Amino acid sequence: MNLFLLRSFLIIICLGLGFKASYSQISGRVITDKQEPIANATILLEGTTIGTSTDSLGYFELDNKNQSSRSISVRAVGFQNAKKAIQPNAHESLNIILYEDNLNLNEVVVSASRYGMERKKAPVIVNVLSPKLFTATQSVAMSETLNYQPGVRVENNCQNCGFTQVRLNGMEGAYSQILINSRSVFSALNSVYGLDQIPTSMIDRIEVVRSGGSALFGANAIAGTINIITKDPVENDWQIKSTNSIIDGQAWDNTIDFNTSYVDNDLKTGATFYGMHRNRQAYDANGDGFTEMTKLKNLTFGTKAFYKPSEFNKVTLDLSALNEFRRGGDNLDKAPHFTDVTEQLRTNTFIGGLTYDQYSKDYKHKLSMYGSAQLTDRESFYGGLGGGRSAQDSLLASNSYGETDDFAMVAGAQYTYTFERDVITAGVEYNNNRTKDNIPGYERLIDQKTHGVGTYAQYEWNILENLKTLIGARYDYTYVDGNYKLAGYNRKSSQNFGTFSPRFTLLYDITDYLQFRGGYARGFRAPQAFNEDMHVTSIGGQQVFVLIGENLETEYSNAYTGSLNFTKGFGPIQTSLLVEGFYTDLQNPFTNIMTSQDENLIIQEMRNGTGAKVYGSNIELNVAPSSKYTFQMGGTIQRSEFNDDQLLYEGATPAENISSRRFVRTPNVYGYLNANWKPLEPFSVDVTGVYTGSMIVPHVLEGEEMILKTSPDFFEANFRLGYTFSLKKELSLEVFGGMQNVFNAFQKDFDRGALRDSNYIYGPSRPRTITFGIKIGHFH
C-alpha cells in the first residue's frame with residue numbers, strides 16, 4: 001500500500017512538472033496612464049511573427065512556448081510604442097502603460113516609399129501638417145499653413161494678383177512636386193494660384209519630404225514633394241465652421257466651410273464630403289488706390305468615397321470642384337479695360353481620381369491600379385492703361401483678355417510584395433499635360449504638350465534589426481512639344497529624352513532613441529513652361545512675360561541629405577530633436593533674365609544659367625510634456641548660390657547689367673514656432689510664429705532700371721483662443737478668436753501708383769488681422 005502511494009505521488013509530481021514546463025504564456029493588460037483600458041492594441045514577440053491584440057477591456061494572452069524572444073513590443077493607434085522585457089518560456093502577467101503620442105511620431109505616412117509605414121521607421125524624414133496645426137494657425141487655405149515646417153516657406157510674388165509659391169530648401173516652386181493623394185495631377189498652371197484654392201477643411205494631412213524624390217514621383221521633385229492627403233471616411237461625424245477676419249481694420253475675409261463623413265455599419269462603404277465658400281475684400285496698404293491683397297471669392301466642393309467588395313479589395317473615388325475669382329489693381333468696381341492696372345482671373349478646376357487596390361489572402365501581395373485627372377479653364381485679364389488715355393492704350397487694354405485651358409492626367413499600376421522583413425515595390429505610370437494659354441492683345445501663346453512614361457522599382461532591405469535601406473530607381477521617357485509666341489517672337493521646344501533617376505536612402509538605429517538617416521537622389525526638369533512662366537505681372541505700366549529661350553537643355557540635380565533624429569519618451573513627456581543637413585547640386589538651372597522692353601511689354605527670357613548649389617541645415621525640436629501642452633519650433637540656415645555671377649537684368653550696355661551670385665528672394669535664415677496649451681479640457685490657447693530673415697529682392701524703378709535691395713527681417717506672431725461647449729453627447733460648439741501678425745510686421749516700402757513694380761513684395765502675406773468664428777458639430 002505504501003509503495004502504491006509513493007508511486008502515485010511521484011507520477012503526480014512528474015505530471016505537475018511537465019504541465020508547468022508546457023505552460024509558457026504571457027498575459028496582462030494594456031492601459032493608459034489614466035488607468036483606462038486600450039482596446040485593439042497590438043502585442044508582438046520581438047523577432048517573430050507571433051502576436052495578438054487586446055480585447056475591449058485591454059486584456060491579452062500570448063503563447064510564449066519554445067520562443068527565445070526576450071521582449072515584446074506593444075503599439076496602439078494614437079499612443080507611443082512600448083517595449084517590455086520578458087523571460088523566455090515562462091509564464092508572466094504584465095501591466096503595460098502606454099502614453100499618448102502627442103507628437104504623432106508613430107503615425108503612418110505614404111510619401112516616403114509610396115506605401116504606408118510608420119514615420120519613425122521611414123528611411124527619409126517625413127514632416128506632417130495636421131488639422132491640429134490648421135486650427136492653431138487659423139488657416140482656411142493650404143497656403144496659410146505650409147510655413148510651419150523646417151525648410152518650407154510660402155511667399156507672395158505679386159501685389160496685383162496674389163500669386164503664391166512654396167519654396168522647399170530655398171528653391172523656387174517649380175522645383176517641388178505637389179501631389180494630391182500621391183498623384184501628380186496638380187499641374188504647373190494650378191500651382192500659380194492653387195495653394196489658395198485648396199481649403200484645409202478637405203485635408204486630412206499634408207506630408208512633406210524635403211530633397212530629391214524623383215525615383216518615386218517623377219520630374220520636378222528636385223527640392224521635394226508636398227503630398228496633400230484628403231480626408232478619408234473613418235467614422236460618422238460632421239462639422240460646420242465660420243471664420244471671419246478683418247485685415248488691418250479695413251478689409252473683411254469671411255469663410256464658411258464644412259466636412260461630414262458617413263461609414264456603413266459593415267465598414268464596407270463610406271463617403272466624406274467637404275466644401276468652402278470664401279469672400280475676401282481687397283486690401284490697400286499705402287492708400288494709393290492700388291491693392292496689396294487681391295479681392296478673392298472661392299467656392300470649393302468635393303467628396304471621397306470607398307467601397308470594399310470584400311476584405312481583400314477596395315475601390316476609392318475622389319472628386320473636387322474648385323471655382324475662384326480674384327482681382328487686384330485699382331478701380332475694382334470698373335470693367336478691367338477702364339482701369340490703370342488690373343489683374344483679374346476666373347478659374348474653374350475639376351479634379352477626379354479612381355483607385356483599385358487588391359490584396360492577396362495573406363496580405364503579402366498588393367496591386368494598385370489608378371487614374372487621376374485635372375481639367376482647368378481660366379479667363380484672365382492682365383493689363384490696363386498704364387496711366388495713359390490714348391486710343392492705342394485703350395485698344396491694347398480692351399484686347400488684354402485671355403483664355404487658358406489645361407488638362408493633366410496620370411494613370412498607372414503599382415505592385416508591392418512584403419516578405420517576412422523586406423518589401424519590394426515596382427510600378428509603371430503614364431503622365432500627360434496639355435496647356436494652351438492665349439492672350440491675343442499681346443500676341444502671347446503658350447501651346448505646350450508633355451507626355452511621359454515612367455517605370456520604377458524599389459527594394460526596402462532590412463539588413464539588420466537596426467539597419468535598413470531603400471534602393472530604388474526610376475526611368476522616365478519624356479516628350480515635350482511646345483510652341484511659345486510673344487509679340488512677334490516664336491520659340492519651339494520639341495524634345496524626346498530618357499532620364500535614369502536612382503535613389504538610395506539609409507536608416508540606422510544607433511540606439512532605440514537615436515537614428516541616422518542618409519540619402520542620395522537624382523532629379524531633372526524638362527525644358528518647358530513652369531508655374532511662374534504662366535503668371536503675368538506689371539512694371540512701369542507694362543506687362544512682364546516669360547519667353548522660353550532657344551536651345552534649352554534639361555536641368556539635372558544631385559541631392560544629398562544626412563540627419564540625426566533623437567526621439568525619447570520620459571514617462572508622459574515626449575521629445576524629438578532633428579538635425580538635418582542637405583546639399584543639392586544643380587546643373588543647367590533654368591533662370592529668367594529680364595532682357596528687353598518693347599513699347600507695351602517687358603520680356604523675361606528663360607535660359608540655362610551657370611551651375612548652382614543649395615546647402616544648409618534644418619533643425620526641429622518637439623516637446624510634449626502631456627496631452628495638455630505641446631511645443632514645436634524649427635528653423636533653416638542655408639546658402640543658395642550660383643557657381644558664378646548669374647545675369648538677372650540685361651541692359652542696353654554691359655555696364656547696365658545686373659547680376660547676383662546669391663539666389664534672390666531666398667533668406668539665409670528662416671523658421672517657425674507652434675505652442676499649444678489646454679489649461680482646461682474645453683479651453684485651448686495656441687501661440688504660433690514665423691521668422692523670415694533678410695534677403696535680396698529685385699526692384700525695377702519706374703520700369704527703367706533694376707536694383708537689388710536687401711529686405712529687413714520679420715517675425716510674424718499669432719495667437720488663438722478657443723472654448724468648446726459640449727451641448728450633447730455627439731454635439732459640440734466651439735467659439736474662437738485671435739490675432740494674426742500681432743506686431744504688424746509688414747512691408748513698409750511698397751511701390752505706389754500705376755507705374756509700380758508689382759513684383760516688389762516680400763515678407764508676411766498679411767498685416768495685423770483680427771479673427772473670430774464659431775464651429776459646431778460632432779468633432780474631437
# chains A, B, ... in the order shown; residues from 1 in each chain; ligands from 1
call {"tool": "residues_around", "arguments": {"residues": "Gly412 (chain A)", "least_positions_apart": "5", "cutoff": "12 Å", "atoms": "only C-alpha atoms", "output": "list in words"}}
result
Ser182, Arg183, Ser184, Phe217, Gly353, Leu354, Thr355, Tyr356, Leu367, Ser368, Met369, Tyr370, Gly371, Ser372, Ala426, Gly427, Val428, Glu429, Tyr430, Asn431, Asn432, Gly452, Val453, Gly454, Thr455 and Tyr456 of chain A
call {"tool": "closest_residue", "arguments": {"among": "A:Asp318, A:Glu311, A:Asp422, A:Glu650", "to": "Lys268 (chain A)", "atoms": "only C-alpha atoms"}}
result
A:Glu311
call {"tool": "residues_around", "arguments": {"residues": "Thr137 (chain A)", "least_positions_apart": "4", "cutoff": "10 Å", "atoms": "only C-alpha atoms", "output": "PyMOL selection string"}}
result
chain A and resi 131-133+144-145+148+674+686-689+718-720+738-740
call {"tool": "select_by_dssp", "arguments": {"residues": "region 47-294 of chain A", "states": "strand (DSSP E or B)", "output": "VMD selection string"}}
result
chain A and resid 51 to 53 59 to 63 71 to 75 79 82 to 85 92 to 98 100 108 to 109 117 to 118 127 to 129 141 152 to 156 164 to 168 171 176 to 180 183 199 203 to 210 224 to 230 237 to 247 251 to 263 269 to 280 283 293
call {"tool": "residues_around", "arguments": {"residues": "region 405-407 of chain A", "least_positions_apart": "5", "cutoff": "6 Å", "atoms": "only C-alpha atoms", "output": "PyMOL selection string"}}
result
chain A and resi 374-377+433-436
call {"tool": "write_last_selection", "arguments": {"atoms": "N, CA and C atoms", "output": "PDB file, in the first residue's frame"}}
result
ATOM      1  N   GLN A 374      -7.128  66.159 -64.053  1.00  0.00           N
ATOM      2  CA  GLN A 374      -7.477  67.527 -63.677  1.00  0.00           C
ATOM      3  C   GLN A 374      -7.763  68.321 -64.933  1.00  0.00           C
ATOM      4  N   LEU A 375      -8.860  69.081 -64.905  1.00  0.00           N
ATOM      5  CA  LEU A 375      -9.247  69.904 -66.040  1.00  0.00           C
ATOM      6  C   LEU A 375      -9.507  71.316 -65.534  1.00  0.00           C
ATOM      7  N   THR A 376      -8.827  72.297 -66.118  1.00  0.00           N
ATOM      8  CA  THR A 376      -8.953  73.693 -65.679  1.00  0.00           C
ATOM      9  C   THR A 376      -9.204  74.592 -66.881  1.00  0.00           C
ATOM     10  N   ASP A 377     -10.159  75.490 -66.720  1.00  0.00           N
ATOM     11  CA  ASP A 377     -10.280  76.572 -67.694  1.00  0.00           C
ATOM     12  C   ASP A 377     -10.231  77.889 -66.935  1.00  0.00           C
ATOM     13  N   ASN A 433       0.128  66.146 -69.928  1.00  0.00           N
ATOM     14  CA  ASN A 433      -0.279  67.504 -69.576  1.00  0.00           C
ATOM     15  C   ASN A 433      -0.356  68.343 -70.852  1.00  0.00           C
ATOM     16  N   ARG A 434      -1.511  68.987 -71.073  1.00  0.00           N
ATOM     17  CA  ARG A 434      -1.699  69.864 -72.220  1.00  0.00           C
ATOM     18  C   ARG A 434      -2.140  71.224 -71.707  1.00  0.00           C
ATOM     19  N   THR A 435      -1.420  72.263 -72.093  1.00  0.00           N
ATOM     20  CA  THR A 435      -1.724  73.628 -71.659  1.00  0.00           C
ATOM     21  C   THR A 435      -1.764  74.547 -72.874  1.00  0.00           C
ATOM     22  N   LYS A 436      -2.820  75.337 -72.953  1.00  0.00           N
ATOM     23  CA  LYS A 436      -2.921  76.360 -74.003  1.00  0.00           C
ATOM     24  C   LYS A 436      -3.343  77.657 -73.356  1.00  0.00           C
TER      25      LYS A 436
END
call {"tool": "closest_residue", "arguments": {"among": "A:Gly693, A:Pro502, A:Gly275, A:Gly51", "to": "Ser557 (chain A)", "atoms": "only C-alpha atoms"}}
result
A:Pro502
call {"tool": "atom_distance", "arguments": {"atom1": "CA of Lys748 (chain A)", "atom2": "CA of Thr692 (chain A)"}}
result
15.2 Å
call {"tool": "residues_around", "arguments": {"residues": "region 193-197 of chain A", "least_positions_apart": "4", "cutoff": "7 Å", "atoms": "only C-alpha atoms", "output": "list in words"}}
result
Ala141, Met142, Ser143, Phe163, Thr164, Asn298 and Leu322 of chain A
call {"tool": "residues_around", "arguments": {"residues": "region 312-316 of chain A", "least_positions_apart": "3", "cutoff": "9 Å", "atoms": "only C-alpha atoms", "output": "list in words"}}
result
Lys268, Lys304, Ala305, Phe306, Tyr307, Lys308, Pro309, Gly353, Leu354, Thr355, Tyr356, Asp357, Gln358, Tyr359, Ser360, Lys361 and Tyr363 of chain A
call {"tool": "write_last_selection", "arguments": {"atoms": "C-alpha atoms", "output": "PDB file, in the first residue's frame"}}
result
ATOM      1  CA  LYS A 268     -17.638  48.211 -46.497  1.00  0.00           C
ATOM      2  CA  LYS A 304     -14.049  60.959 -51.265  1.00  0.00           C
ATOM      3  CA  ALA A 305     -15.776  57.581 -51.114  1.00  0.00           C
ATOM      4  CA  PHE A 306     -14.806  53.928 -50.874  1.00  0.00           C
ATOM      5  CA  TYR A 307     -16.402  50.548 -51.500  1.00  0.00           C
ATOM      6  CA  LYS A 308     -14.973  47.208 -50.340  1.00  0.00           C
ATOM      7  CA  PRO A 309     -16.449  44.259 -52.262  1.00  0.00           C
ATOM      8  CA  GLY A 353      -9.344  60.082 -59.258  1.00  0.00           C
ATOM      9  CA  LEU A 354     -10.167  56.378 -59.102  1.00  0.00           C
ATOM     10  CA  THR A 355      -8.041  53.733 -57.347  1.00  0.00           C
ATOM     11  CA  TYR A 356      -8.464  49.966 -57.132  1.00  0.00           C
ATOM     12  CA  ASP A 357      -6.487  48.025 -54.509  1.00  0.00           C
ATOM     13  CA  GLN A 358      -6.287  44.225 -54.479  1.00  0.00           C
ATOM     14  CA  TYR A 359      -4.650  42.221 -51.670  1.00  0.00           C
ATOM     15  CA  SER A 360      -3.791  38.538 -51.516  1.00  0.00           C
ATOM     16  CA  LYS A 361      -5.340  36.455 -48.744  1.00  0.00           C
ATOM     17  CA  TYR A 363      -1.816  40.377 -47.386  1.00  0.00           C
TER      18      TYR A 363
END
call {"tool": "atom_distance", "arguments": {"atom1": "CA of Leu470 (chain A)", "atom2": "CA of Ile510 (chain A)"}}
result
17.6 Å
call {"tool": "residues_around", "arguments": {"residues": "Asn462 (chain A)", "least_positions_apart": "2", "cutoff": "12 Å", "atoms": "only C-alpha atoms", "output": "list in words"}}
result
Lys121, Ala122, Pro123, Thr418, Phe419, Glu420, Arg421, Asp422, Val423, Ile424, Tyr459, Glu460, Leu464, Glu465, Asn466, Leu467, Lys468, Thr469, Leu470, Ile471, Leu506, Leu507, Tyr508 and Asp509 of chain A
call {"tool": "closest_residue", "arguments": {"among": "A:Arg752, A:Arg662, A:Lys334, A:His778", "to": "Asp284 (chain A)", "atoms": "only C-alpha atoms"}}
result
A:Arg752
call {"tool": "closest_residue", "arguments": {"among": "A:Glu292, A:Asp264, A:Glu681, A:Glu734", "to": "Ile761 (chain A)", "atoms": "only C-alpha atoms"}}
result
A:Glu292
call {"tool": "closest_residue", "arguments": {"among": "A:Gly498, A:Gly671, A:Gly270, A:Pro199", "to": "Asp257 (chain A)", "atoms": "only C-alpha atoms"}}
result
A:Pro199
call {"tool": "atom_distance", "arguments": {"atom1": "CA of Asn157 (chain A)", "atom2": "CA of Tyr649 (chain A)"}}
result
17.9 Å
call {"tool": "closest_residue", "arguments": {"among": "A:Lys120, A:Lys83, A:Arg766, A:Arg444", "to": "Ser245 (chain A)", "atoms": "only C-alpha atoms"}}
result
A:Arg766
call {"tool": "select_by_dssp", "arguments": {"residues": "region 382-500 of chain A", "states": "alpha helix (DSSP H)", "output": "list in words"}}
result
Ala391, Gln392, Asp393, Ser394, Leu395, Leu396, Ala397 and Ser398 of chain A
call {"tool": "write_last_selection", "arguments": {"atoms": "C-alpha atoms", "output": "mmCIF file, in the first residue's frame"}}
result
data_model
loop_
_atom_site.group_PDB
_atom_site.id
_atom_site.type_symbol
_atom_site.label_atom_id
_atom_site.label_comp_id
_atom_site.auth_asym_id
_atom_site.auth_seq_id
_atom_site.Cartn_x
_atom_site.Cartn_y
_atom_site.Cartn_z
ATOM 1 C CA ALA A 391 -6.544 105.474 -78.300
ATOM 2 C CA GLN A 392 -3.667 102.987 -78.524
ATOM 3 C CA ASP A 393 -3.748 102.408 -74.766
ATOM 4 C CA SER A 394 -7.495 101.833 -74.850
ATOM 5 C CA LEU A 395 -7.229 99.391 -77.762
ATOM 6 C CA LEU A 396 -4.480 97.388 -76.048
ATOM 7 C CA ALA A 397 -6.389 97.305 -72.763
ATOM 8 C CA SER A 398 -9.556 96.022 -74.414
#
call {"tool": "decode", "arguments": {"residues": "region 378-504 of chain A", "atoms": "C-alpha atoms", "output": "mmCIF file, in the first residue's frame"}}
result
data_model
loop_
_atom_site.group_PDB
_atom_site.id
_atom_site.type_symbol
_atom_site.label_atom_id
_atom_site.label_comp_id
_atom_site.auth_asym_id
_atom_site.auth_seq_id
_atom_site.Cartn_x
_atom_site.Cartn_y
_atom_site.Cartn_z
ATOM 1 C CA ARG A 378 -9.269 80.120 -66.833
ATOM 2 C CA GLU A 379 -10.420 83.526 -68.043
ATOM 3 C CA SER A 380 -7.843 86.240 -67.428
ATOM 4 C CA PHE A 381 -7.136 89.916 -67.838
ATOM 5 C CA TYR A 382 -3.602 91.219 -67.471
ATOM 6 C CA GLY A 383 -3.343 94.852 -68.420
ATOM 7 C CA GLY A 384 -4.788 98.331 -68.085
ATOM 8 C CA LEU A 385 -3.938 101.723 -69.437
ATOM 9 C CA GLY A 386 -0.717 102.218 -67.540
ATOM 10 C CA GLY A 387 -1.750 105.740 -66.594
ATOM 11 C CA GLY A 388 -2.478 106.731 -70.203
ATOM 12 C CA ARG A 389 -5.707 107.504 -72.021
ATOM 13 C CA SER A 390 -4.647 107.430 -75.659
ATOM 14 C CA ALA A 391 -6.544 105.474 -78.300
ATOM 15 C CA GLN A 392 -3.667 102.987 -78.524
ATOM 16 C CA ASP A 393 -3.748 102.408 -74.766
ATOM 17 C CA SER A 394 -7.495 101.833 -74.850
ATOM 18 C CA LEU A 395 -7.229 99.391 -77.762
ATOM 19 C CA LEU A 396 -4.480 97.388 -76.048
ATOM 20 C CA ALA A 397 -6.389 97.305 -72.763
ATOM 21 C CA SER A 398 -9.556 96.022 -74.414
ATOM 22 C CA ASN A 399 -7.518 93.191 -76.002
ATOM 23 C CA SER A 400 -5.730 92.124 -72.803
ATOM 24 C CA TYR A 401 -8.265 89.401 -72.058
ATOM 25 C CA GLY A 402 -7.018 85.836 -72.270
ATOM 26 C CA GLU A 403 -8.144 82.234 -72.044
ATOM 27 C CA THR A 404 -6.325 79.212 -70.676
ATOM 28 C CA ASP A 405 -7.188 75.517 -70.997
ATOM 29 C CA ASP A 406 -5.234 72.963 -69.010
ATOM 30 C CA PHE A 407 -5.536 69.188 -68.778
ATOM 31 C CA ALA A 408 -3.358 66.865 -66.716
ATOM 32 C CA MET A 409 -3.704 63.168 -66.062
ATOM 33 C CA VAL A 410 -1.767 60.270 -64.617
ATOM 34 C CA ALA A 411 -2.558 56.562 -64.845
ATOM 35 C CA GLY A 412 -0.580 53.614 -63.640
ATOM 36 C CA ALA A 413 -0.217 50.422 -61.689
ATOM 37 C CA GLN A 414 1.910 49.551 -58.672
ATOM 38 C CA TYR A 415 2.784 46.158 -57.198
ATOM 39 C CA THR A 416 4.057 45.653 -53.656
ATOM 40 C CA TYR A 417 5.276 42.383 -52.148
ATOM 41 C CA THR A 418 6.029 42.105 -48.443
ATOM 42 C CA PHE A 419 8.494 39.431 -47.339
ATOM 43 C CA GLU A 420 8.975 38.482 -43.716
ATOM 44 C CA ARG A 421 11.249 41.510 -43.332
ATOM 45 C CA ASP A 422 11.726 43.200 -46.693
ATOM 46 C CA VAL A 423 9.424 44.929 -49.193
ATOM 47 C CA ILE A 424 9.713 45.266 -52.952
ATOM 48 C CA THR A 425 7.742 47.882 -54.923
ATOM 49 C CA ALA A 426 7.517 48.292 -58.682
ATOM 50 C CA GLY A 427 5.271 50.258 -60.970
ATOM 51 C CA VAL A 428 4.629 51.980 -64.249
ATOM 52 C CA GLU A 429 2.733 55.202 -64.928
ATOM 53 C CA TYR A 430 1.825 57.484 -67.778
ATOM 54 C CA ASN A 431 1.645 61.282 -67.433
ATOM 55 C CA ASN A 432 0.043 63.727 -69.826
ATOM 56 C CA ASN A 433 -0.279 67.504 -69.576
ATOM 57 C CA ARG A 434 -1.699 69.864 -72.220
ATOM 58 C CA THR A 435 -1.724 73.628 -71.659
ATOM 59 C CA LYS A 436 -2.921 76.360 -74.003
ATOM 60 C CA ASP A 437 -2.642 79.929 -72.728
ATOM 61 C CA ASN A 438 -3.670 82.644 -75.205
ATOM 62 C CA ILE A 439 -3.696 86.464 -74.804
ATOM 63 C CA PRO A 440 -4.335 87.914 -78.299
ATOM 64 C CA GLY A 441 -3.676 91.537 -77.347
ATOM 65 C CA TYR A 442 -0.006 90.774 -76.678
ATOM 66 C CA GLU A 443 0.280 88.066 -79.353
ATOM 67 C CA ARG A 444 1.029 85.739 -76.440
ATOM 68 C CA LEU A 445 0.565 81.983 -76.827
ATOM 69 C CA ILE A 446 1.792 79.049 -74.778
ATOM 70 C CA ASP A 447 0.773 75.832 -76.531
ATOM 71 C CA GLN A 448 2.515 73.039 -74.658
ATOM 72 C CA LYS A 449 2.096 69.272 -74.612
ATOM 73 C CA THR A 450 4.125 66.944 -72.422
ATOM 74 C CA HIS A 451 3.921 63.165 -72.216
ATOM 75 C CA GLY A 452 5.921 60.804 -70.102
ATOM 76 C CA VAL A 453 6.130 57.106 -69.312
ATOM 77 C CA GLY A 454 7.874 56.234 -66.071
ATOM 78 C CA THR A 455 8.854 52.876 -64.654
ATOM 79 C CA TYR A 456 10.248 52.467 -61.178
ATOM 80 C CA ALA A 457 11.366 49.815 -58.741
ATOM 81 C CA GLN A 458 12.399 49.976 -55.119
ATOM 82 C CA TYR A 459 13.653 47.451 -52.597
ATOM 83 C CA GLU A 460 13.338 48.015 -48.860
ATOM 84 C CA TRP A 461 16.078 45.852 -47.417
ATOM 85 C CA ASN A 462 16.109 45.302 -43.646
ATOM 86 C CA ILE A 463 19.730 44.291 -43.426
ATOM 87 C CA LEU A 464 19.808 44.048 -39.640
ATOM 88 C CA GLU A 465 17.288 44.616 -36.887
ATOM 89 C CA ASN A 466 18.518 48.211 -36.612
ATOM 90 C CA LEU A 467 19.632 48.853 -40.203
ATOM 91 C CA LYS A 468 17.524 49.241 -43.320
ATOM 92 C CA THR A 469 17.949 50.788 -46.730
ATOM 93 C CA LEU A 470 15.768 51.803 -49.661
ATOM 94 C CA ILE A 471 17.387 51.189 -53.037
ATOM 95 C CA GLY A 472 15.373 52.401 -55.990
ATOM 96 C CA ALA A 473 15.461 53.856 -59.443
ATOM 97 C CA ARG A 474 13.090 55.335 -61.973
ATOM 98 C CA TYR A 475 13.395 55.651 -65.717
ATOM 99 C CA ASP A 476 11.339 58.352 -67.440
ATOM 100 C CA TYR A 477 10.912 58.760 -71.155
ATOM 101 C CA THR A 478 9.686 62.325 -71.671
ATOM 102 C CA TYR A 479 8.306 64.092 -74.714
ATOM 103 C CA VAL A 480 7.919 67.881 -74.778
ATOM 104 C CA ASP A 481 6.227 69.665 -77.662
ATOM 105 C CA GLY A 482 5.808 73.384 -77.020
ATOM 106 C CA ASN A 483 5.102 76.439 -79.141
ATOM 107 C CA TYR A 484 5.718 79.786 -77.467
ATOM 108 C CA LYS A 485 4.841 83.088 -79.148
ATOM 109 C CA LEU A 486 5.081 86.624 -77.823
ATOM 110 C CA ALA A 487 4.921 89.940 -79.715
ATOM 111 C CA GLY A 488 6.492 88.559 -82.857
ATOM 112 C CA TYR A 489 8.933 86.170 -81.115
ATOM 113 C CA ASN A 490 8.470 82.489 -81.967
ATOM 114 C CA ARG A 491 10.109 79.731 -79.946
ATOM 115 C CA LYS A 492 9.701 75.975 -80.010
ATOM 116 C CA SER A 493 10.704 73.187 -77.674
ATOM 117 C CA SER A 494 10.491 69.721 -79.181
ATOM 118 C CA GLN A 495 12.486 67.079 -77.350
ATOM 119 C CA ASN A 496 12.392 63.376 -76.635
ATOM 120 C CA PHE A 497 14.740 62.090 -73.989
ATOM 121 C CA GLY A 498 15.120 59.398 -71.374
ATOM 122 C CA THR A 499 16.279 60.012 -67.804
ATOM 123 C CA PHE A 500 17.519 57.497 -65.240
ATOM 124 C CA SER A 501 16.987 58.651 -61.647
ATOM 125 C CA PRO A 502 18.496 56.477 -58.919
ATOM 126 C CA ARG A 503 17.677 56.848 -55.245
ATOM 127 C CA PHE A 504 19.398 55.454 -52.171
#
